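Take a look at the structure set out below.
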Amino acid sequence: MGLEIGLQLFSVRDELEKDFTGTLEKLALIGYKNVELFFHGDDLKATIGNLEPASLKKELDRLELKAVSAHIAEEHLEVDKVKEVIEYARLIGVQSLVIAIAYFKNKEDVLSFSEKLNKYGALLKTHNLQLYYHNHFHEFQKFDGDYVLDLILKNTNENLVKIEFDTYWALRGGVDPVEYLKKMGGRCDLIHQKDLSTDVDTINLFQKIENDTPLNRDSMIKVRNIADFTEAGQGIMDIPSIIETFRNNPESKYIFIEQDWTKRNQIESVEISYRYLSKFFSV
């Protein structure tokens with residue numbers, strides 16, 4: 001398959017909560033064909049309009065949308081939950097499960113997490129599912145001279161664990177997304193794209209954090225400025241080079257718009273990004 005555009009549905013989470021099916025209809029009218037789901041908490045139906053998986057699949061088919069991937073928490077892969085997640089994926093047609101975020105206090109945490117990723121990835125493989133890990137900026141913290149994400153790549157099996165690369169967050173971690181994409185090669189076949197506002201005061205978030213600050217949810221919230229996020233093509237990121245580099249990877253599958261935050265209406269936001277990305281695709 002060639003590289004295709006998709007949407008991480010977290011980008012329109014407020015609209016989905018107000019009118020789940022109506023929002024999917026609006027996305028289809030914009031032109032989206034591929035979506036990435038997100039599951040939060042114990043009730044997997046809570047973020048899919050409280051629909052049963054078979055009912056969601058029916059709605060997606062009606063709108064000619066494909067749910068090709070889903071974000072999950074690490075907890076969803078633990079013994080008491082993983083069967084339900086796998087069954088949801090099977091019924092909806094999802095092929096990839098992505099651990100959305102994790103936090104690390106030290107190198108030992110990263111190595112332990114990597115070991116678990118291999119275990120989870122092997123289990124999912126038996127059900128024809130691929131496991132991914134999705135980065136934020138803190139995976140570019142260094143332990144013993146290595147980025148956290150480098151440690152994950154070095155200590156996980158390339159067939160069992162892949163990376164869904166968030167280019168915005170990599171840039172906020174002080175890394176050139178294009179060069180890091182080249183470095184990962186076939187380990188990365190999904191990416192997330194948004195843009196960094198022209199009004200940003202500090203690109204590298206590590207410049208805003210004290211060296212001994214633990215990188216966790218609280219510290220992320222403290223350095224996050226919602227105004228720094230903007231729609232694809234509206235900011236300072238070199239998105240054409242990102243797309244060109246990613247497309248040159250024969251393994252590349254999807255570039256998902258993921259708009260963590262926007263000052264616009266969420267539907268308007270993802271339409272702006274779709275129109276911009278479409279210039280680089282035959283759609």
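Just so we're on the same page: first chain in the structure tokens is A, next is B, and so on; residues restart at 1 for each chain, and ligands are numbered from 1 in the order they show up.
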Residues near Lys183 in chain A, anyone? I mean within 12 Å using only C-alpha atoms, not counting same-chain ones fewer than 3 positions away, as an mmCIF file with N, CA, C and O atoms, in the first residue's frame.
data_model
loop_
_atom_site.group_PDB
_atom_site.id
_atom_site.type_symbol
_atom_site.label_atom_id
_atom_site.label_comp_id
_atom_site.auth_asym_id
_atom_site.auth_seq_id
_atom_site.Cartn_x
_atom_site.Cartn_y
_atom_site.Cartn_z
ATOM 1 N N LEU A 149 13.964 6.930 23.789
ATOM 2 C CA LEU A 149 13.442 6.245 22.602
ATOM 3 C C LEU A 149 14.507 5.372 21.950
ATOM 4 O O LEU A 149 14.203 4.281 21.438
ATOM 5 N N ASP A 150 15.759 5.799 21.975
ATOM 6 C CA ASP A 150 16.840 4.947 21.475
ATOM 7 C C ASP A 150 16.931 3.660 22.284
ATOM 8 O O ASP A 150 17.130 2.566 21.730
ATOM 9 N N LEU A 153 14.167 1.348 21.263
ATOM 10 C CA LEU A 153 14.467 0.733 19.967
ATOM 11 C C LEU A 153 15.537 -0.350 20.093
ATOM 12 O O LEU A 153 15.431 -1.420 19.468
ATOM 13 N N ILE A 163 7.365 1.884 16.201
ATOM 14 C CA ILE A 163 7.156 3.229 16.740
ATOM 15 C C ILE A 163 6.149 3.989 15.891
ATOM 16 O O ILE A 163 6.248 4.004 14.658
ATOM 17 N N PHE A 165 5.541 7.573 15.346
ATOM 18 C CA PHE A 165 6.404 8.728 15.607
ATOM 19 C C PHE A 165 5.611 10.013 15.534
ATOM 20 O O PHE A 165 5.051 10.363 14.486
ATOM 21 N N VAL A 175 14.795 17.327 18.873
ATOM 22 C CA VAL A 175 15.257 16.409 17.836
ATOM 23 C C VAL A 175 14.718 16.851 16.473
ATOM 24 O O VAL A 175 13.591 17.341 16.375
ATOM 25 N N ASP A 176 15.517 16.677 15.445
ATOM 26 C CA ASP A 176 15.074 16.935 14.077
ATOM 27 C C ASP A 176 14.221 15.750 13.629
ATOM 28 O O ASP A 176 14.738 14.636 13.473
ATOM 29 N N PRO A 177 12.910 15.948 13.409
ATOM 30 C CA PRO A 177 12.052 14.814 13.045
ATOM 31 C C PRO A 177 12.489 14.105 11.765
ATOM 32 O O PRO A 177 12.378 12.874 11.675
ATOM 33 N N VAL A 178 12.970 14.848 10.802
ATOM 34 C CA VAL A 178 13.385 14.238 9.534
ATOM 35 C C VAL A 178 14.559 13.293 9.764
ATOM 36 O O VAL A 178 14.567 12.146 9.289
ATOM 37 N N GLU A 179 15.553 13.739 10.496
ATOM 38 C CA GLU A 179 16.729 12.901 10.734
ATOM 39 C C GLU A 179 16.380 11.679 11.579
ATOM 40 O O GLU A 179 16.905 10.595 11.352
ATOM 41 N N TYR A 180 15.477 11.870 12.534
ATOM 42 C CA TYR A 180 15.124 10.723 13.372
ATOM 43 C C TYR A 180 14.280 9.708 12.589
ATOM 44 O O TYR A 180 14.403 8.492 12.807
ATOM 45 N N GLY A 186 12.531 1.280 8.919
ATOM 46 C CA GLY A 186 11.350 0.435 8.927
ATOM 47 C C GLY A 186 10.740 0.204 10.300
ATOM 48 O O GLY A 186 9.644 -0.372 10.396
ATOM 49 N N ARG A 187 11.412 0.655 11.376
ATOM 50 C CA ARG A 187 10.806 0.518 12.707
ATOM 51 C C ARG A 187 9.606 1.445 12.874
ATOM 52 O O ARG A 187 8.827 1.292 13.822
ATOM 53 N N CYS A 188 9.477 2.406 11.979
ATOM 54 C CA CYS A 188 8.372 3.376 12.060
ATOM 55 C C CYS A 188 7.599 3.375 10.752
ATOM 56 O O CYS A 188 8.146 3.731 9.705
ATOM 57 N N THR A 245 10.402 12.359 3.411
ATOM 58 C CA THR A 245 11.248 11.367 4.075
ATOM 59 C C THR A 245 10.450 10.122 4.431
ATOM 60 O O THR A 245 10.903 8.985 4.206
ATOM 61 N N PHE A 246 9.268 10.322 4.967
ATOM 62 C CA PHE A 246 8.445 9.187 5.381
ATOM 63 C C PHE A 246 7.992 8.382 4.168
ATOM 64 O O PHE A 246 7.982 7.151 4.197
ATOM 65 N N ASN A 249 10.319 5.797 2.867
ATOM 66 C CA ASN A 249 10.376 4.560 3.639
ATOM 67 C C ASN A 249 9.360 3.585 3.042
ATOM 68 O O ASN A 249 8.152 3.829 3.102
#
Exercise. Ile267 in chain A: which residues within 7 Å, counting only C-alpha atoms, same-chain residues fewer than 3 positions away excluded, as a list in words?
Worked result: Val12, Val270 and Glu271 of chain A
Please dump the current selection as a compact mmCIF listing (two decimals), in the first residue's frame; keep N, CA and C atoms.
# COMPACT_ATOMS: atom_id res chain seq x y z
N VAL A 12 -10.87 15.19 17.75
CA VAL A 12 -12.25 15.68 17.72
C VAL A 12 -13.04 15.10 18.90
N VAL A 270 -9.47 19.98 12.02
CA VAL A 270 -9.00 18.79 11.28
C VAL A 270 -9.28 18.92 9.78
N GLU A 271 -10.23 19.77 9.41
CA GLU A 271 -10.43 20.02 7.99
C GLU A 271 -9.28 20.85 7.42
Proximity of range 120-230 of chain A to range 75-90 of chain A: per-residue shortest pair, 9 Å limit, only C-alpha atoms, as JSON lines:
{"residue": "A:Tyr120", "atom": "CA", "partner": "A:Leu77", "partner_atom": "CA", "distance": 6.7}
{"residue": "A:Leu124", "atom": "CA", "partner": "A:Ile86", "partner_atom": "CA", "distance": 7.7}
{"residue": "A:His127", "atom": "CA", "partner": "A:Ile86", "partner_atom": "CA", "distance": 7.5}
{"residue": "A:Leu129", "atom": "CA", "partner": "A:Ile86", "partner_atom": "CA", "distance": 8.3}
Output of the above residues as a PDB file, in the first residue's frame, restricted to all heavy atoms:
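Here's the written file selection_39.pdb:
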ATOM      1  N   TYR A 120       4.259  -8.049  25.299  1.00  0.00           N
ATOM      2  CA  TYR A 120       2.966  -7.649  24.747  1.00  0.00           C
ATOM      3  C   TYR A 120       2.943  -7.834  23.230  1.00  0.00           C
ATOM      4  O   TYR A 120       1.961  -8.310  22.651  1.00  0.00           O
ATOM      5  CB  TYR A 120       2.676  -6.178  25.059  1.00  0.00           C
ATOM      6  CG  TYR A 120       2.579  -5.815  26.514  1.00  0.00           C
ATOM      7  CD1 TYR A 120       3.040  -4.568  26.955  1.00  0.00           C
ATOM      8  CD2 TYR A 120       2.029  -6.673  27.458  1.00  0.00           C
ATOM      9  CE1 TYR A 120       2.949  -4.199  28.285  1.00  0.00           C
ATOM     10  CE2 TYR A 120       1.941  -6.305  28.797  1.00  0.00           C
ATOM     11  CZ  TYR A 120       2.405  -5.065  29.206  1.00  0.00           C
ATOM     12  OH  TYR A 120       2.319  -4.697  30.524  1.00  0.00           O
ATOM     13  N   LEU A 124       0.326 -10.051  20.951  1.00  0.00           N
ATOM     14  CA  LEU A 124      -0.517  -9.464  19.909  1.00  0.00           C
ATOM     15  C   LEU A 124      -0.250 -10.095  18.543  1.00  0.00           C
ATOM     16  O   LEU A 124      -1.178 -10.261  17.736  1.00  0.00           O
ATOM     17  CB  LEU A 124      -0.306  -7.950  19.856  1.00  0.00           C
ATOM     18  CG  LEU A 124      -0.771  -7.161  21.082  1.00  0.00           C
ATOM     19  CD1 LEU A 124      -0.557  -5.672  20.869  1.00  0.00           C
ATOM     20  CD2 LEU A 124      -2.225  -7.447  21.424  1.00  0.00           C
ATOM     21  N   HIS A 127      -2.347 -12.822  17.441  1.00  0.00           N
ATOM     22  CA  HIS A 127      -3.700 -12.425  17.030  1.00  0.00           C
ATOM     23  C   HIS A 127      -3.644 -11.502  15.808  1.00  0.00           C
ATOM     24  O   HIS A 127      -4.605 -10.762  15.543  1.00  0.00           O
ATOM     25  CB  HIS A 127      -4.408 -11.735  18.186  1.00  0.00           C
ATOM     26  CG  HIS A 127      -4.640 -12.625  19.369  1.00  0.00           C
ATOM     27  ND1 HIS A 127      -5.737 -13.455  19.489  1.00  0.00           N
ATOM     28  CD2 HIS A 127      -3.879 -12.843  20.479  1.00  0.00           C
ATOM     29  CE1 HIS A 127      -5.665 -14.127  20.623  1.00  0.00           C
ATOM     30  NE2 HIS A 127      -4.548 -13.774  21.241  1.00  0.00           N
ATOM     31  N   LEU A 129      -1.992  -8.818  15.273  1.00  0.00           N
ATOM     32  CA  LEU A 129      -1.979  -7.400  15.628  1.00  0.00           C
ATOM     33  C   LEU A 129      -0.538  -6.947  15.830  1.00  0.00           C
ATOM     34  O   LEU A 129       0.299  -7.706  16.317  1.00  0.00           O
ATOM     35  CB  LEU A 129      -2.773  -7.156  16.914  1.00  0.00           C
ATOM     36  CG  LEU A 129      -4.285  -7.348  16.823  1.00  0.00           C
ATOM     37  CD1 LEU A 129      -4.885  -7.404  18.219  1.00  0.00           C
ATOM     38  CD2 LEU A 129      -4.927  -6.229  16.019  1.00  0.00           C
TER      39      LEU A 129
END
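Residue neighbourhood of Pro53 in chain A, excluding near-sequence residues (fewer than 3 positions): Lys45, Leu56, Lys57, Tyr88, Leu91 and Ile92 of chain A, at 8 Å, using only C-alpha atoms.
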Could the residues in this selection be saved with N, CA, C and O atoms as a CSV table (one decimal), in the first residue's frame?
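Wrote it out as selection_8.csv, contents follow:
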chain,number,residue,atom,x,y,z
A,45,LYS,N,-16.1,1.1,25.6
A,45,LYS,CA,-17.1,1.7,24.7
A,45,LYS,C,-17.2,3.2,25.0
A,45,LYS,O,-17.9,3.9,24.1
A,56,LEU,N,-20.1,-0.3,15.8
A,56,LEU,CA,-19.2,0.7,15.3
A,56,LEU,C,-18.7,0.3,13.9
A,56,LEU,O,-18.6,1.2,13.1
A,57,LYS,N,-18.3,-0.9,13.8
A,57,LYS,CA,-17.9,-1.4,12.5
A,57,LYS,C,-18.9,-1.1,11.4
A,57,LYS,O,-18.6,-0.7,10.3
A,88,TYR,N,-12.1,-6.5,20.7
A,88,TYR,CA,-12.5,-5.2,20.1
A,88,TYR,C,-11.8,-5.0,18.8
A,88,TYR,O,-12.4,-4.6,17.8
A,91,LEU,N,-13.1,-7.3,16.0
A,91,LEU,CA,-14.5,-7.0,15.6
A,91,LEU,C,-14.5,-5.7,14.8
A,91,LEU,O,-15.3,-5.6,13.8
A,92,ILE,N,-13.7,-4.7,15.1
A,92,ILE,CA,-13.7,-3.4,14.4
A,92,ILE,C,-12.8,-3.5,13.2
A,92,ILE,O,-13.0,-2.7,12.3
Could you pull out the residues in range 76-211 of chain A that DSSP calls strand (DSSP E) from the backbone, as a PDB file with N, CA and C atoms, in the first residue's frame?
ATOM      1  N   SER A  96      -3.536  -2.358  14.353  1.00  0.00           N
ATOM      2  CA  SER A  96      -2.409  -1.870  15.154  1.00  0.00           C
ATOM      3  C   SER A  96      -2.911  -1.333  16.483  1.00  0.00           C
ATOM      4  N   LEU A  97      -2.209  -1.678  17.560  1.00  0.00           N
ATOM      5  CA  LEU A  97      -2.505  -1.141  18.882  1.00  0.00           C
ATOM      6  C   LEU A  97      -1.291  -0.357  19.354  1.00  0.00           C
ATOM      7  N   VAL A  98      -1.536   0.863  19.808  1.00  0.00           N
ATOM      8  CA  VAL A  98      -0.465   1.802  20.116  1.00  0.00           C
ATOM      9  C   VAL A  98      -0.538   2.222  21.577  1.00  0.00           C
ATOM     10  N   ILE A  99       0.511   1.919  22.345  1.00  0.00           N
ATOM     11  CA  ILE A  99       0.579   2.446  23.710  1.00  0.00           C
ATOM     12  C   ILE A  99       0.857   3.934  23.611  1.00  0.00           C
ATOM     13  N   GLN A 130      -0.262  -5.687  15.454  1.00  0.00           N
ATOM     14  CA  GLN A 130       1.067  -5.118  15.618  1.00  0.00           C
ATOM     15  C   GLN A 130       1.046  -4.109  16.761  1.00  0.00           C
ATOM     16  N   LEU A 131       2.041  -4.209  17.645  1.00  0.00           N
ATOM     17  CA  LEU A 131       2.175  -3.273  18.752  1.00  0.00           C
ATOM     18  C   LEU A 131       3.084  -2.109  18.377  1.00  0.00           C
ATOM     19  N   TYR A 132       2.699  -0.914  18.842  1.00  0.00           N
ATOM     20  CA  TYR A 132       3.475   0.307  18.630  1.00  0.00           C
ATOM     21  C   TYR A 132       3.612   1.050  19.956  1.00  0.00           C
ATOM     22  N   TYR A 133       4.625   1.921  19.989  1.00  0.00           N
ATOM     23  CA  TYR A 133       4.740   2.889  21.074  1.00  0.00           C
ATOM     24  C   TYR A 133       4.758   4.285  20.469  1.00  0.00           C
ATOM     25  N   HIS A 134       3.992   5.194  21.069  1.00  0.00           N
ATOM     26  CA  HIS A 134       3.854   6.573  20.586  1.00  0.00           C
ATOM     27  C   HIS A 134       4.612   7.510  21.517  1.00  0.00           C
ATOM     28  N   LYS A 142      17.758  11.922  28.185  1.00  0.00           N
ATOM     29  CA  LYS A 142      18.858  10.963  28.087  1.00  0.00           C
ATOM     30  C   LYS A 142      19.128  10.309  29.440  1.00  0.00           C
ATOM     31  N   PHE A 143      19.335   8.995  29.396  1.00  0.00           N
ATOM     32  CA  PHE A 143      19.830   8.224  30.537  1.00  0.00           C
ATOM     33  C   PHE A 143      21.124   7.556  30.117  1.00  0.00           C
ATOM     34  N   ASP A 146      21.973   7.976  26.388  1.00  0.00           N
ATOM     35  CA  ASP A 146      21.057   7.497  25.341  1.00  0.00           C
ATOM     36  C   ASP A 146      19.671   8.094  25.536  1.00  0.00           C
ATOM     37  N   TYR A 147      19.053   8.503  24.418  1.00  0.00           N
ATOM     38  CA  TYR A 147      17.651   8.902  24.480  1.00  0.00           C
ATOM     39  C   TYR A 147      16.809   7.718  24.963  1.00  0.00           C
ATOM     40  N   VAL A 161       7.739  -4.834  18.030  1.00  0.00           N
ATOM     41  CA  VAL A 161       7.464  -3.477  18.526  1.00  0.00           C
ATOM     42  C   VAL A 161       7.904  -2.453  17.497  1.00  0.00           C
ATOM     43  N   LYS A 162       6.958  -1.613  17.073  1.00  0.00           N
ATOM     44  CA  LYS A 162       7.267  -0.522  16.158  1.00  0.00           C
ATOM     45  C   LYS A 162       6.960   0.811  16.845  1.00  0.00           C
ATOM     46  N   ILE A 163       7.365   1.884  16.201  1.00  0.00           N
ATOM     47  CA  ILE A 163       7.156   3.229  16.740  1.00  0.00           C
ATOM     48  C   ILE A 163       6.149   3.989  15.891  1.00  0.00           C
ATOM     49  N   GLU A 164       5.170   4.574  16.567  1.00  0.00           N
ATOM     50  CA  GLU A 164       4.327   5.577  15.920  1.00  0.00           C
ATOM     51  C   GLU A 164       4.935   6.920  16.306  1.00  0.00           C
ATOM     52  N   PHE A 165       5.541   7.573  15.346  1.00  0.00           N
ATOM     53  CA  PHE A 165       6.404   8.728  15.607  1.00  0.00           C
ATOM     54  C   PHE A 165       5.611  10.013  15.534  1.00  0.00           C
ATOM     55  N   ASP A 166       5.564  10.724  16.656  1.00  0.00           N
ATOM     56  CA  ASP A 166       4.922  12.032  16.698  1.00  0.00           C
ATOM     57  C   ASP A 166       5.984  13.084  16.400  1.00  0.00           C
ATOM     58  N   CYS A 188       9.477   2.406  11.979  1.00  0.00           N
ATOM     59  CA  CYS A 188       8.372   3.376  12.060  1.00  0.00           C
ATOM     60  C   CYS A 188       7.599   3.375  10.752  1.00  0.00           C
ATOM     61  N   ASP A 189       6.319   2.988  10.809  1.00  0.00           N
ATOM     62  CA  ASP A 189       5.487   3.053   9.606  1.00  0.00           C
ATOM     63  C   ASP A 189       4.181   3.823   9.840  1.00  0.00           C
ATOM     64  N   LEU A 190       4.045   4.411  11.031  1.00  0.00           N
ATOM     65  CA  LEU A 190       2.931   5.302  11.337  1.00  0.00           C
ATOM     66  C   LEU A 190       3.504   6.581  11.937  1.00  0.00           C
ATOM     67  N   ILE A 191       2.965   7.735  11.532  1.00  0.00           N
ATOM     68  CA  ILE A 191       3.381   8.968  12.189  1.00  0.00           C
ATOM     69  C   ILE A 191       2.168   9.832  12.531  1.00  0.00           C
ATOM     70  N   HIS A 192       2.372  10.700  13.508  1.00  0.00           N
ATOM     71  CA  HIS A 192       1.392  11.717  13.880  1.00  0.00           C
ATOM     72  C   HIS A 192       1.923  13.070  13.442  1.00  0.00           C
ATOM     73  N   GLN A 193       1.016  13.886  12.895  1.00  0.00           N
ATOM     74  CA  GLN A 193       1.422  15.199  12.416  1.00  0.00           C
ATOM     75  C   GLN A 193       0.456  16.265  12.904  1.00  0.00           C
ATOM     76  N   ASP A 195       1.198  20.884  13.855  1.00  0.00           N
ATOM     77  CA  ASP A 195       2.193  21.912  13.565  1.00  0.00           C
ATOM     78  C   ASP A 195       2.467  22.718  14.824  1.00  0.00           C
ATOM     79  N   LEU A 196       3.620  23.375  14.797  1.00  0.00           N
ATOM     80  CA  LEU A 196       4.082  24.200  15.920  1.00  0.00           C
ATOM     81  C   LEU A 196       3.881  25.658  15.570  1.00  0.00           C
TER      82      LEU A 196
END
Problem set entry | Among the residues A:Glu52, A:Asp228, A:Asp199, A:Glu64, the one that comes closest to Leu24 in chain A [using only C-alpha atoms] | A:Glu64
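Residue nearest Tyr254 in chain A within the list A:Leu277, A:Ile30, A:Ile101, A:Ser197: A:Leu277 [criterion: smallest interatomic distance, only C-alpha atoms].
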Problem set entry | Non-local contacts of Asp14 in chain A (10 Å; only C-alpha atoms; under 3 positions in same chain excluded) as a list in words | Leu9, Phe10, Ser11, Glu17, Lys18, Asp19, Phe20, Thr23, Asn265, Gln266 and Ile267 of chain A
For this session: Mind the document's chain letters and residue numbers, and return as a VMD selection string the residues of range 98-200 of chain A that DSSP labels alpha helix (DSSP H).
Result: chain A and resid 107 to 125 148 to 154 167 to 172 177 to 184
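In this model, the gap between CA of Ala46 in chain A and CA of Gln95 in chain A comes to 20.4 Å.
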